[in-house]
$ cat entry04.cif   # mmCIF, N, CA and C atoms
data_work
#
loop_
_atom_site.label_atom_id
_atom_site.label_comp_id
_atom_site.auth_asym_id
_atom_site.auth_seq_id
_atom_site.Cartn_x
_atom_site.Cartn_y
_atom_site.Cartn_z
N MET D 1 8.50 -15.80 16.26
CA MET D 1 9.09 -15.04 15.18
C MET D 1 8.74 -13.56 15.36
N GLU D 2 9.73 -12.69 15.28
CA GLU D 2 9.50 -11.25 15.40
C GLU D 2 8.83 -10.74 14.13
N THR D 3 7.85 -9.88 14.31
CA THR D 3 7.11 -9.33 13.17
C THR D 3 7.44 -7.87 12.98
N ASN D 4 7.66 -7.48 11.74
CA ASN D 4 7.92 -6.09 11.38
C ASN D 4 6.71 -5.55 10.63
N GLU D 5 6.27 -4.38 11.05
CA GLU D 5 5.12 -3.73 10.44
C GLU D 5 5.57 -2.85 9.27
N VAL D 6 4.86 -2.95 8.14
CA VAL D 6 5.14 -2.09 6.99
C VAL D 6 3.82 -1.59 6.42
N VAL D 7 3.89 -0.41 5.80
CA VAL D 7 2.76 0.12 5.05
C VAL D 7 3.02 -0.20 3.59
N VAL D 8 1.97 -0.61 2.88
CA VAL D 8 2.06 -0.79 1.43
C VAL D 8 0.95 0.02 0.80
N ASP D 9 1.20 0.51 -0.40
CA ASP D 9 0.15 1.23 -1.10
C ASP D 9 -0.43 0.36 -2.21
N ALA D 10 -1.43 0.89 -2.88
CA ALA D 10 -2.13 0.11 -3.91
C ALA D 10 -1.22 -0.30 -5.05
N SER D 11 -0.20 0.50 -5.35
CA SER D 11 0.69 0.16 -6.46
C SER D 11 1.42 -1.16 -6.22
N VAL D 12 1.61 -1.49 -4.96
CA VAL D 12 2.26 -2.76 -4.61
C VAL D 12 1.26 -3.92 -4.66
N ILE D 13 0.10 -3.72 -4.07
CA ILE D 13 -0.89 -4.79 -4.02
C ILE D 13 -1.38 -5.16 -5.43
N VAL D 14 -1.52 -4.19 -6.30
CA VAL D 14 -1.95 -4.46 -7.68
C VAL D 14 -0.99 -5.44 -8.34
N LYS D 15 0.28 -5.36 -8.01
CA LYS D 15 1.29 -6.24 -8.61
C LYS D 15 1.11 -7.70 -8.19
N TRP D 16 0.29 -7.95 -7.18
CA TRP D 16 -0.04 -9.32 -6.81
C TRP D 16 -1.03 -9.91 -7.81
N PHE D 17 -1.81 -9.06 -8.45
CA PHE D 17 -2.88 -9.49 -9.34
C PHE D 17 -2.55 -9.31 -10.81
N ILE D 18 -1.66 -8.38 -11.12
CA ILE D 18 -1.26 -8.11 -12.50
C ILE D 18 0.27 -8.23 -12.56
N ILE D 19 0.75 -9.18 -13.31
CA ILE D 19 2.20 -9.38 -13.40
C ILE D 19 2.78 -8.28 -14.27
N GLU D 20 3.64 -7.49 -13.66
CA GLU D 20 4.28 -6.37 -14.33
C GLU D 20 5.62 -6.13 -13.65
N GLU D 21 6.31 -5.08 -14.04
CA GLU D 21 7.61 -4.78 -13.45
C GLU D 21 7.49 -4.69 -11.93
N TYR D 22 8.39 -5.34 -11.25
CA TYR D 22 8.49 -5.39 -9.79
C TYR D 22 7.43 -6.27 -9.12
N SER D 23 6.70 -7.04 -9.91
CA SER D 23 5.75 -7.98 -9.30
C SER D 23 6.46 -9.02 -8.45
N GLU D 24 7.64 -9.43 -8.89
CA GLU D 24 8.39 -10.44 -8.12
C GLU D 24 8.66 -9.95 -6.70
N GLU D 25 9.09 -8.70 -6.57
CA GLU D 25 9.38 -8.14 -5.24
C GLU D 25 8.10 -7.96 -4.43
N ALA D 26 7.03 -7.53 -5.10
CA ALA D 26 5.74 -7.36 -4.42
C ALA D 26 5.22 -8.70 -3.91
N ILE D 27 5.38 -9.74 -4.71
CA ILE D 27 4.94 -11.07 -4.30
C ILE D 27 5.81 -11.61 -3.17
N ARG D 28 7.09 -11.28 -3.18
CA ARG D 28 7.96 -11.66 -2.07
C ARG D 28 7.47 -11.02 -0.76
N LEU D 29 7.08 -9.74 -0.84
CA LEU D 29 6.52 -9.06 0.33
C LEU D 29 5.23 -9.76 0.78
N ARG D 30 4.35 -10.07 -0.18
CA ARG D 30 3.11 -10.77 0.15
C ARG D 30 3.39 -12.10 0.84
N ASN D 31 4.35 -12.84 0.30
CA ASN D 31 4.69 -14.14 0.89
C ASN D 31 5.23 -13.99 2.31
N ASP D 32 6.01 -12.94 2.54
CA ASP D 32 6.49 -12.67 3.91
C ASP D 32 5.32 -12.37 4.83
N TYR D 33 4.32 -11.66 4.33
CA TYR D 33 3.13 -11.37 5.12
C TYR D 33 2.38 -12.66 5.45
N VAL D 34 2.19 -13.50 4.45
CA VAL D 34 1.47 -14.76 4.65
C VAL D 34 2.22 -15.65 5.65
N ARG D 35 3.56 -15.62 5.62
CA ARG D 35 4.38 -16.40 6.56
C ARG D 35 4.49 -15.73 7.93
N ARG D 36 3.88 -14.53 8.05
CA ARG D 36 3.88 -13.73 9.28
C ARG D 36 5.25 -13.20 9.66
N ALA D 37 6.10 -13.02 8.66
CA ALA D 37 7.40 -12.39 8.89
C ALA D 37 7.24 -10.88 8.99
N ILE D 38 6.17 -10.36 8.37
CA ILE D 38 5.83 -8.93 8.45
C ILE D 38 4.34 -8.79 8.68
N THR D 39 3.95 -7.61 9.12
CA THR D 39 2.54 -7.24 9.23
C THR D 39 2.31 -6.10 8.26
N ILE D 40 1.23 -6.17 7.50
CA ILE D 40 0.89 -5.11 6.55
C ILE D 40 -0.21 -4.24 7.15
N ILE D 41 0.04 -2.93 7.12
CA ILE D 41 -0.98 -1.96 7.51
C ILE D 41 -1.16 -0.99 6.35
N ALA D 42 -2.34 -0.35 6.31
CA ALA D 42 -2.62 0.58 5.22
C ALA D 42 -3.81 1.46 5.59
N PRO D 43 -3.93 2.60 4.93
CA PRO D 43 -5.15 3.39 5.07
C PRO D 43 -6.33 2.60 4.49
N SER D 44 -7.51 2.84 5.01
CA SER D 44 -8.69 2.07 4.59
C SER D 44 -9.06 2.27 3.12
N ILE D 45 -8.48 3.26 2.46
CA ILE D 45 -8.76 3.48 1.03
C ILE D 45 -8.10 2.46 0.12
N ILE D 46 -7.22 1.64 0.65
CA ILE D 46 -6.42 0.76 -0.20
C ILE D 46 -7.28 -0.19 -1.04
N GLU D 47 -8.32 -0.75 -0.46
CA GLU D 47 -9.14 -1.69 -1.22
C GLU D 47 -9.83 -1.00 -2.40
N TYR D 48 -10.31 0.21 -2.19
CA TYR D 48 -10.92 0.97 -3.29
C TYR D 48 -9.90 1.20 -4.40
N GLU D 49 -8.70 1.60 -4.03
CA GLU D 49 -7.68 1.90 -5.03
C GLU D 49 -7.24 0.66 -5.80
N VAL D 50 -7.06 -0.45 -5.10
CA VAL D 50 -6.64 -1.68 -5.76
C VAL D 50 -7.72 -2.15 -6.73
N LEU D 51 -8.96 -2.21 -6.26
CA LEU D 51 -10.04 -2.69 -7.12
C LEU D 51 -10.27 -1.74 -8.30
N ASN D 52 -10.10 -0.46 -8.10
CA ASN D 52 -10.22 0.50 -9.20
C ASN D 52 -9.14 0.25 -10.25
N ALA D 53 -7.91 0.03 -9.81
CA ALA D 53 -6.82 -0.25 -10.75
C ALA D 53 -7.07 -1.54 -11.52
N LEU D 54 -7.57 -2.56 -10.83
CA LEU D 54 -7.86 -3.83 -11.51
C LEU D 54 -8.99 -3.66 -12.52
N LYS D 55 -10.03 -2.90 -12.17
CA LYS D 55 -11.13 -2.64 -13.09
C LYS D 55 -10.63 -1.94 -14.34
N TYR D 56 -9.85 -0.89 -14.16
CA TYR D 56 -9.39 -0.10 -15.30
C TYR D 56 -8.26 -0.77 -16.09
N SER D 57 -7.71 -1.85 -15.56
CA SER D 57 -6.74 -2.62 -16.35
C SER D 57 -7.43 -3.35 -17.49
N LYS D 58 -8.74 -3.56 -17.33
CA LYS D 58 -9.57 -4.28 -18.31
C LYS D 58 -9.14 -5.74 -18.46
N LEU D 59 -8.44 -6.25 -17.47
CA LEU D 59 -8.02 -7.64 -17.47
C LEU D 59 -8.99 -8.53 -16.68
N TYR D 60 -9.90 -7.91 -15.94
CA TYR D 60 -10.77 -8.65 -15.02
C TYR D 60 -12.24 -8.43 -15.36
N SER D 61 -12.98 -9.53 -15.35
CA SER D 61 -14.44 -9.45 -15.49
C SER D 61 -15.02 -9.03 -14.13
N LEU D 62 -16.31 -8.75 -14.11
CA LEU D 62 -16.96 -8.41 -12.85
C LEU D 62 -16.80 -9.56 -11.85
N GLU D 63 -17.01 -10.78 -12.30
CA GLU D 63 -16.89 -11.94 -11.40
C GLU D 63 -15.47 -12.03 -10.83
N GLU D 64 -14.48 -11.80 -11.67
CA GLU D 64 -13.09 -11.86 -11.21
C GLU D 64 -12.78 -10.72 -10.24
N LEU D 65 -13.37 -9.54 -10.48
CA LEU D 65 -13.19 -8.43 -9.54
C LEU D 65 -13.79 -8.76 -8.18
N LEU D 66 -14.94 -9.41 -8.19
CA LEU D 66 -15.57 -9.82 -6.93
C LEU D 66 -14.68 -10.81 -6.17
N ILE D 67 -14.07 -11.70 -6.91
CA ILE D 67 -13.15 -12.67 -6.28
C ILE D 67 -11.92 -11.95 -5.73
N ALA D 68 -11.39 -11.00 -6.49
CA ALA D 68 -10.23 -10.23 -6.01
C ALA D 68 -10.60 -9.45 -4.75
N GLY D 69 -11.80 -8.90 -4.72
CA GLY D 69 -12.26 -8.18 -3.53
C GLY D 69 -12.34 -9.08 -2.32
N GLU D 70 -12.83 -10.30 -2.51
CA GLU D 70 -12.87 -11.27 -1.42
C GLU D 70 -11.47 -11.63 -0.96
N ALA D 71 -10.55 -11.79 -1.91
CA ALA D 71 -9.17 -12.12 -1.57
C ALA D 71 -8.55 -11.01 -0.72
N LEU D 72 -8.80 -9.76 -1.08
CA LEU D 72 -8.28 -8.64 -0.28
C LEU D 72 -8.79 -8.71 1.15
N ASN D 73 -10.08 -9.03 1.31
CA ASN D 73 -10.64 -9.16 2.66
C ASN D 73 -9.97 -10.27 3.44
N LYS D 74 -9.69 -11.38 2.78
CA LYS D 74 -9.10 -12.54 3.46
C LYS D 74 -7.67 -12.29 3.93
N TYR D 75 -6.97 -11.38 3.28
CA TYR D 75 -5.61 -11.07 3.75
C TYR D 75 -5.63 -10.48 5.15
N GLY D 76 -6.68 -9.75 5.47
CA GLY D 76 -6.83 -9.24 6.83
C GLY D 76 -5.82 -8.19 7.24
N PHE D 77 -5.48 -7.30 6.32
CA PHE D 77 -4.57 -6.21 6.68
C PHE D 77 -5.19 -5.38 7.81
N THR D 78 -4.35 -4.77 8.59
CA THR D 78 -4.83 -3.80 9.57
C THR D 78 -5.03 -2.48 8.84
N LEU D 79 -6.27 -2.01 8.79
CA LEU D 79 -6.60 -0.80 8.05
C LEU D 79 -6.88 0.35 9.01
N TYR D 80 -6.46 1.54 8.62
CA TYR D 80 -6.63 2.74 9.43
C TYR D 80 -7.53 3.73 8.73
N ASP D 81 -8.56 4.18 9.43
CA ASP D 81 -9.43 5.24 8.92
C ASP D 81 -8.74 6.58 9.07
N LEU D 82 -9.19 7.51 8.26
CA LEU D 82 -8.63 8.86 8.28
C LEU D 82 -9.33 9.65 9.39
N ASN D 83 -8.72 9.68 10.56
CA ASN D 83 -9.30 10.46 11.64
C ASN D 83 -8.22 10.97 12.59
N ASN D 84 -8.58 12.00 13.33
CA ASN D 84 -7.73 12.59 14.36
C ASN D 84 -6.31 12.91 13.89
N GLU D 85 -5.34 12.33 14.56
CA GLU D 85 -3.93 12.63 14.29
C GLU D 85 -3.53 12.23 12.88
N LEU D 86 -4.02 11.11 12.42
CA LEU D 86 -3.67 10.66 11.06
C LEU D 86 -4.22 11.63 10.02
N LYS D 87 -5.41 12.15 10.25
CA LYS D 87 -5.99 13.13 9.32
C LYS D 87 -5.15 14.39 9.30
N ARG D 88 -4.76 14.88 10.46
CA ARG D 88 -3.96 16.10 10.55
C ARG D 88 -2.64 15.92 9.80
N ARG D 89 -1.97 14.81 10.04
CA ARG D 89 -0.69 14.55 9.37
C ARG D 89 -0.86 14.40 7.86
N THR D 90 -1.92 13.73 7.45
CA THR D 90 -2.19 13.54 6.03
C THR D 90 -2.38 14.88 5.33
N LEU D 91 -3.19 15.73 5.92
CA LEU D 91 -3.46 17.04 5.32
C LEU D 91 -2.21 17.91 5.29
N GLN D 92 -1.42 17.86 6.35
CA GLN D 92 -0.18 18.65 6.36
C GLN D 92 0.78 18.20 5.27
N LEU D 93 0.94 16.89 5.12
CA LEU D 93 1.85 16.37 4.09
C LEU D 93 1.34 16.69 2.68
N ALA D 94 0.06 16.52 2.46
CA ALA D 94 -0.51 16.80 1.14
C ALA D 94 -0.28 18.26 0.78
N HIS D 95 -0.46 19.13 1.74
CA HIS D 95 -0.28 20.56 1.49
C HIS D 95 1.19 20.93 1.32
N SER D 96 2.03 20.48 2.23
CA SER D 96 3.44 20.91 2.21
C SER D 96 4.24 20.28 1.07
N LYS D 97 3.88 19.08 0.64
CA LYS D 97 4.63 18.38 -0.41
C LYS D 97 3.89 18.34 -1.75
N ASN D 98 2.73 18.98 -1.80
CA ASN D 98 1.94 19.05 -3.03
C ASN D 98 1.69 17.66 -3.63
N ILE D 99 1.14 16.78 -2.81
CA ILE D 99 0.78 15.43 -3.25
C ILE D 99 -0.71 15.22 -2.96
N THR D 100 -1.26 14.17 -3.52
CA THR D 100 -2.69 13.90 -3.30
C THR D 100 -2.93 13.48 -1.85
N ILE D 101 -4.15 13.67 -1.43
CA ILE D 101 -4.56 13.21 -0.09
C ILE D 101 -4.37 11.69 -0.02
N TYR D 102 -4.67 11.01 -1.11
CA TYR D 102 -4.52 9.55 -1.14
C TYR D 102 -3.08 9.14 -0.84
N ASP D 103 -2.14 9.71 -1.59
CA ASP D 103 -0.73 9.39 -1.36
C ASP D 103 -0.27 9.82 0.02
N ALA D 104 -0.70 10.99 0.43
CA ALA D 104 -0.30 11.50 1.75
C ALA D 104 -0.79 10.59 2.87
N ALA D 105 -1.95 9.95 2.70
CA ALA D 105 -2.48 9.06 3.73
C ALA D 105 -1.53 7.89 4.00
N TYR D 106 -0.94 7.33 2.94
CA TYR D 106 0.00 6.22 3.11
C TYR D 106 1.28 6.69 3.81
N VAL D 107 1.81 7.83 3.37
CA VAL D 107 3.04 8.35 3.96
C VAL D 107 2.80 8.73 5.42
N ALA D 108 1.69 9.41 5.68
CA ALA D 108 1.37 9.83 7.05
C ALA D 108 1.24 8.62 7.97
N LEU D 109 0.62 7.56 7.48
CA LEU D 109 0.48 6.35 8.30
C LEU D 109 1.84 5.76 8.61
N ALA D 110 2.71 5.69 7.63
CA ALA D 110 4.06 5.17 7.87
C ALA D 110 4.79 6.02 8.91
N MET D 111 4.67 7.33 8.80
CA MET D 111 5.31 8.22 9.78
C MET D 111 4.68 8.06 11.16
N TYR D 112 3.37 8.00 11.20
CA TYR D 112 2.62 7.85 12.45
C TYR D 112 3.01 6.57 13.18
N ARG D 113 3.19 5.50 12.42
CA ARG D 113 3.53 4.19 13.01
C ARG D 113 5.05 3.95 13.06
N ASP D 114 5.82 4.94 12.61
CA ASP D 114 7.28 4.86 12.63
C ASP D 114 7.78 3.62 11.89
N THR D 115 7.33 3.51 10.65
CA THR D 115 7.72 2.37 9.83
C THR D 115 7.98 2.84 8.40
N ILE D 116 8.08 1.90 7.48
CA ILE D 116 8.40 2.16 6.08
C ILE D 116 7.15 1.95 5.23
N LEU D 117 7.01 2.79 4.22
CA LEU D 117 6.00 2.61 3.18
C LEU D 117 6.69 2.04 1.95
N TYR D 118 6.17 0.94 1.42
CA TYR D 118 6.65 0.40 0.15
C TYR D 118 5.67 0.80 -0.94
N THR D 119 6.22 1.26 -2.06
CA THR D 119 5.43 1.74 -3.19
C THR D 119 6.19 1.52 -4.49
N ALA D 120 5.49 1.69 -5.60
CA ALA D 120 6.14 1.71 -6.91
C ALA D 120 6.15 3.13 -7.46
N ASP D 121 5.81 4.10 -6.63
CA ASP D 121 5.70 5.50 -7.02
C ASP D 121 7.03 6.22 -6.77
N ASN D 122 7.76 6.48 -7.85
CA ASN D 122 9.07 7.13 -7.73
C ASN D 122 9.00 8.52 -7.10
N GLU D 123 7.94 9.25 -7.39
CA GLU D 123 7.79 10.60 -6.83
C GLU D 123 7.74 10.57 -5.30
N LEU D 124 7.01 9.62 -4.76
CA LEU D 124 6.94 9.51 -3.29
C LEU D 124 8.29 9.13 -2.70
N VAL D 125 9.01 8.25 -3.38
CA VAL D 125 10.34 7.85 -2.91
C VAL D 125 11.26 9.07 -2.87
N GLU D 126 11.20 9.89 -3.91
CA GLU D 126 12.05 11.08 -3.97
C GLU D 126 11.69 12.11 -2.91
N LYS D 127 10.40 12.29 -2.66
CA LYS D 127 9.96 13.31 -1.71
C LYS D 127 10.12 12.90 -0.25
N PHE D 128 10.14 11.59 0.01
CA PHE D 128 10.20 11.09 1.39
C PHE D 128 11.23 9.96 1.52
N PRO D 129 12.51 10.23 1.23
CA PRO D 129 13.50 9.15 1.18
C PRO D 129 13.73 8.42 2.51
N ASP D 130 13.40 9.04 3.62
CA ASP D 130 13.60 8.38 4.91
C ASP D 130 12.44 7.47 5.29
N THR D 131 11.31 7.67 4.67
CA THR D 131 10.10 6.92 5.05
C THR D 131 9.61 5.99 3.96
N VAL D 132 9.83 6.36 2.70
CA VAL D 132 9.25 5.63 1.57
C VAL D 132 10.36 4.90 0.80
N LYS D 133 10.13 3.61 0.56
CA LYS D 133 11.07 2.79 -0.21
C LYS D 133 10.35 2.22 -1.42
N HIS D 134 11.09 2.13 -2.51
CA HIS D 134 10.53 1.52 -3.71
C HIS D 134 10.44 0.01 -3.51
N ILE D 135 9.39 -0.57 -4.04
CA ILE D 135 9.21 -2.02 -3.88
C ILE D 135 10.38 -2.80 -4.50
N ARG D 136 11.05 -2.25 -5.50
CA ARG D 136 12.19 -2.95 -6.09
C ARG D 136 13.29 -3.21 -5.07
N ASP D 137 13.30 -2.42 -3.97
CA ASP D 137 14.31 -2.55 -2.94
C ASP D 137 13.90 -3.47 -1.80
N TYR D 138 12.74 -4.12 -1.93
CA TYR D 138 12.31 -5.02 -0.86
C TYR D 138 13.22 -6.23 -0.81
N LYS D 139 13.88 -6.44 0.28
CA LYS D 139 14.78 -7.58 0.56
C LYS D 139 15.21 -8.32 -0.69
#

$ encode --input "entry04.cif" --output "structure tokens"
Amino acid sequence: METNEVVVDASVIVKWFIIEEYSEEAIRLRNDYVRRAITIIAPSIIEYEVLNALKYSKLYSLEELLIAGEALNKYGFTLYDLNNELKRRTLQLAHSKNITIYDAAYVALAMYRDTILYTADNELVEKFPDTVKHIRDYK
């Protein structure tokens, strides 16, 4: 089976744990990953961002957050540290498009790997229409 690589940001992964708008599409993406129809890559900050969002949702106890953290590890995404070329691209995008370093890291990774970033962030979709797709548009 041919595998397609995609970048996902924390806004998508959170939808696996908290049922909200576009969770159905996010879960479809997750299921494709589990079936190995796609490969998920992300900047290494993704786990921090997902767990932070789950903590501040106030829906999870400490024990449940620990379980969610273990689940994230078990998915085994390919994670990229912010170094060398990826750092340069991230900083350039953050500066030129006036976005956070965090958001720029996801976009820069998608550009670096010549793939698509899926997000629930409308601002990123508007600023990078060739690289960033809204999760609602996932297959």

$ closest_atom_pairs --input "entry04.cif" --of "range 61-131 of chain D" --to "range 2-18 of chain D" --cutoff "9 Å" --atoms "only C-alpha atoms" --output "JSON lines"
{"residue": "D:Ala68", "atom": "CA", "partner": "D:Phe17", "partner_atom": "CA", "distance": 8.1}
{"residue": "D:Asp103", "atom": "CA", "partner": "D:Asp9", "partner_atom": "CA", "distance": 8.2}
{"residue": "D:Tyr106", "atom": "CA", "partner": "D:Asp9", "partner_atom": "CA", "distance": 6.5}
{"residue": "D:Val107", "atom": "CA", "partner": "D:Val7", "partner_atom": "CA", "distance": 8.3}
{"residue": "D:Leu109", "atom": "CA", "partner": "D:Val7", "partner_atom": "CA", "distance": 7.4}
{"residue": "D:Ala110", "atom": "CA", "partner": "D:Val7", "partner_atom": "CA", "distance": 5.9}
{"residue": "D:Arg113", "atom": "CA", "partner": "D:Glu5", "partner_atom": "CA", "distance": 8.5}
{"residue": "D:Thr115", "atom": "CA", "partner": "D:Val6", "partner_atom": "CA", "distance": 5.9}
{"residue": "D:Ile116", "atom": "CA", "partner": "D:Val6", "partner_atom": "CA", "distance": 5.4}
{"residue": "D:Leu117", "atom": "CA", "partner": "D:Val7", "partner_atom": "CA", "distance": 4.5}
{"residue": "D:Tyr118", "atom": "CA", "partner": "D:Val8", "partner_atom": "CA", "distance": 4.9}
{"residue": "D:Thr119", "atom": "CA", "partner": "D:Val12", "partner_atom": "CA", "distance": 5.7}
{"residue": "D:Ala120", "atom": "CA", "partner": "D:Ser11", "partner_atom": "CA", "distance": 5.7}
{"residue": "D:Asp121", "atom": "CA", "partner": "D:Ser11", "partner_atom": "CA", "distance": 7.3}

$ atom_distance --input "entry04.cif" --atom1 "atom N of Asn52 in chain D" --atom2 "atom C of Gly76 in chain D"
17.7 Å

$ select_by_dssp --input "entry04.cif" --residues "chain D" --states "strand (DSSP E or B)" --output "PyMOL selection string"
chain D and resi 4-8+38-43+78-80+116-119+132-134

$ atom_distance --input "entry04.cif" --atom1 "atom C of Leu86 in chain D" --atom2 "atom N of Arg35 in chain D"
28.7 Å

$ resolve_selection --input "entry04.cif" --expression "the PyMOL selection byres ((chain D and resi 105) around 8)" --output "ChimeraX atom specification"
/D:42-44,82,86-87,89-91,93-94,99-104,106-111

$ atom_distance --input "entry04.cif" --atom1 "CA of Ser23 in chain D" --atom2 "atom C of Ile135 in chain D"
8.4 Å

$ axis_aligned_box --input "entry04.cif" --around "range 83-92 of chain D" --padding-each-side "3 Å" --output "JSON"
{"center_x": -4.3, "center_y": 14.2, "center_z": 9.9, "size_x": 16.1, "size_y": 15.0, "size_z": 15.3}

$ select_by_dssp --input "entry04.cif" --residues "chain D" --states "helix (DSSP H, G or I)" --output "number ranges by chain"
D: 10-17, 23-34, 46-57, 62-75, 84-97, 101-112, 122-127, 135-137

$ decode --input "entry04.cif" --residues "range 27-42 of chain D" --atoms "N, CA and C atoms" --output "mmCIF file, in the first residue's frame"
data_model
loop_
_atom_site.group_PDB
_atom_site.id
_atom_site.type_symbol
_atom_site.label_atom_id
_atom_site.label_comp_id
_atom_site.auth_asym_id
_atom_site.auth_seq_id
_atom_site.Cartn_x
_atom_site.Cartn_y
_atom_site.Cartn_z
ATOM 1 N N ILE D 27 -10.764 12.140 13.203
ATOM 2 C CA ILE D 27 -10.722 10.712 13.523
ATOM 3 C C ILE D 27 -10.560 9.879 12.251
ATOM 4 N N ARG D 28 -11.147 10.326 11.158
ATOM 5 C CA ARG D 28 -10.943 9.639 9.878
ATOM 6 C C ARG D 28 -9.452 9.665 9.492
ATOM 7 N N LEU D 29 -8.810 10.819 9.693
ATOM 8 C CA LEU D 29 -7.374 10.931 9.429
ATOM 9 C C LEU D 29 -6.598 9.982 10.345
ATOM 10 N N ARG D 30 -6.955 9.970 11.634
ATOM 11 C CA ARG D 30 -6.282 9.066 12.576
ATOM 12 C C ARG D 30 -6.436 7.613 12.139
ATOM 13 N N ASN D 31 -7.644 7.247 11.733
ATOM 14 C CA ASN D 31 -7.880 5.867 11.306
ATOM 15 C C ASN D 31 -7.068 5.517 10.062
ATOM 16 N N ASP D 32 -6.920 6.470 9.157
ATOM 17 C CA ASP D 32 -6.066 6.239 7.982
ATOM 18 C C ASP D 32 -4.620 6.034 8.404
ATOM 19 N N TYR D 33 -4.178 6.771 9.417
ATOM 20 C CA TYR D 33 -2.822 6.596 9.936
ATOM 21 C C TYR D 33 -2.660 5.201 10.542
ATOM 22 N N VAL D 34 -3.618 4.802 11.359
ATOM 23 C CA VAL D 34 -3.550 3.492 12.006
ATOM 24 C C VAL D 34 -3.551 2.373 10.959
ATOM 25 N N ARG D 35 -4.304 2.559 9.863
ATOM 26 C CA ARG D 35 -4.347 1.569 8.774
ATOM 27 C C ARG D 35 -3.137 1.669 7.845
ATOM 28 N N ARG D 36 -2.255 2.655 8.131
ATOM 29 C CA ARG D 36 -1.038 2.904 7.352
ATOM 30 C C ARG D 36 -1.302 3.401 5.941
ATOM 31 N N ALA D 37 -2.449 4.041 5.762
ATOM 32 C CA ALA D 37 -2.745 4.672 4.473
ATOM 33 C C ALA D 37 -2.007 5.998 4.356
ATOM 34 N N ILE D 38 -1.688 6.598 5.518
ATOM 35 C CA ILE D 38 -0.905 7.835 5.562
ATOM 36 C C ILE D 38 0.140 7.716 6.659
ATOM 37 N N THR D 39 1.128 8.582 6.589
ATOM 38 C CA THR D 39 2.125 8.727 7.645
ATOM 39 C C THR D 39 1.965 10.124 8.220
ATOM 40 N N ILE D 40 1.961 10.227 9.533
ATOM 41 C CA ILE D 40 1.845 11.527 10.191
ATOM 42 C C ILE D 40 3.229 11.970 10.665
ATOM 43 N N ILE D 41 3.569 13.212 10.305
ATOM 44 C CA ILE D 41 4.782 13.839 10.807
ATOM 45 C C ILE D 41 4.393 15.157 11.465
ATOM 46 N N ALA D 42 5.251 15.628 12.378
ATOM 47 C CA ALA D 42 4.941 16.874 13.085
ATOM 48 C C ALA D 42 6.203 17.401 13.753
#
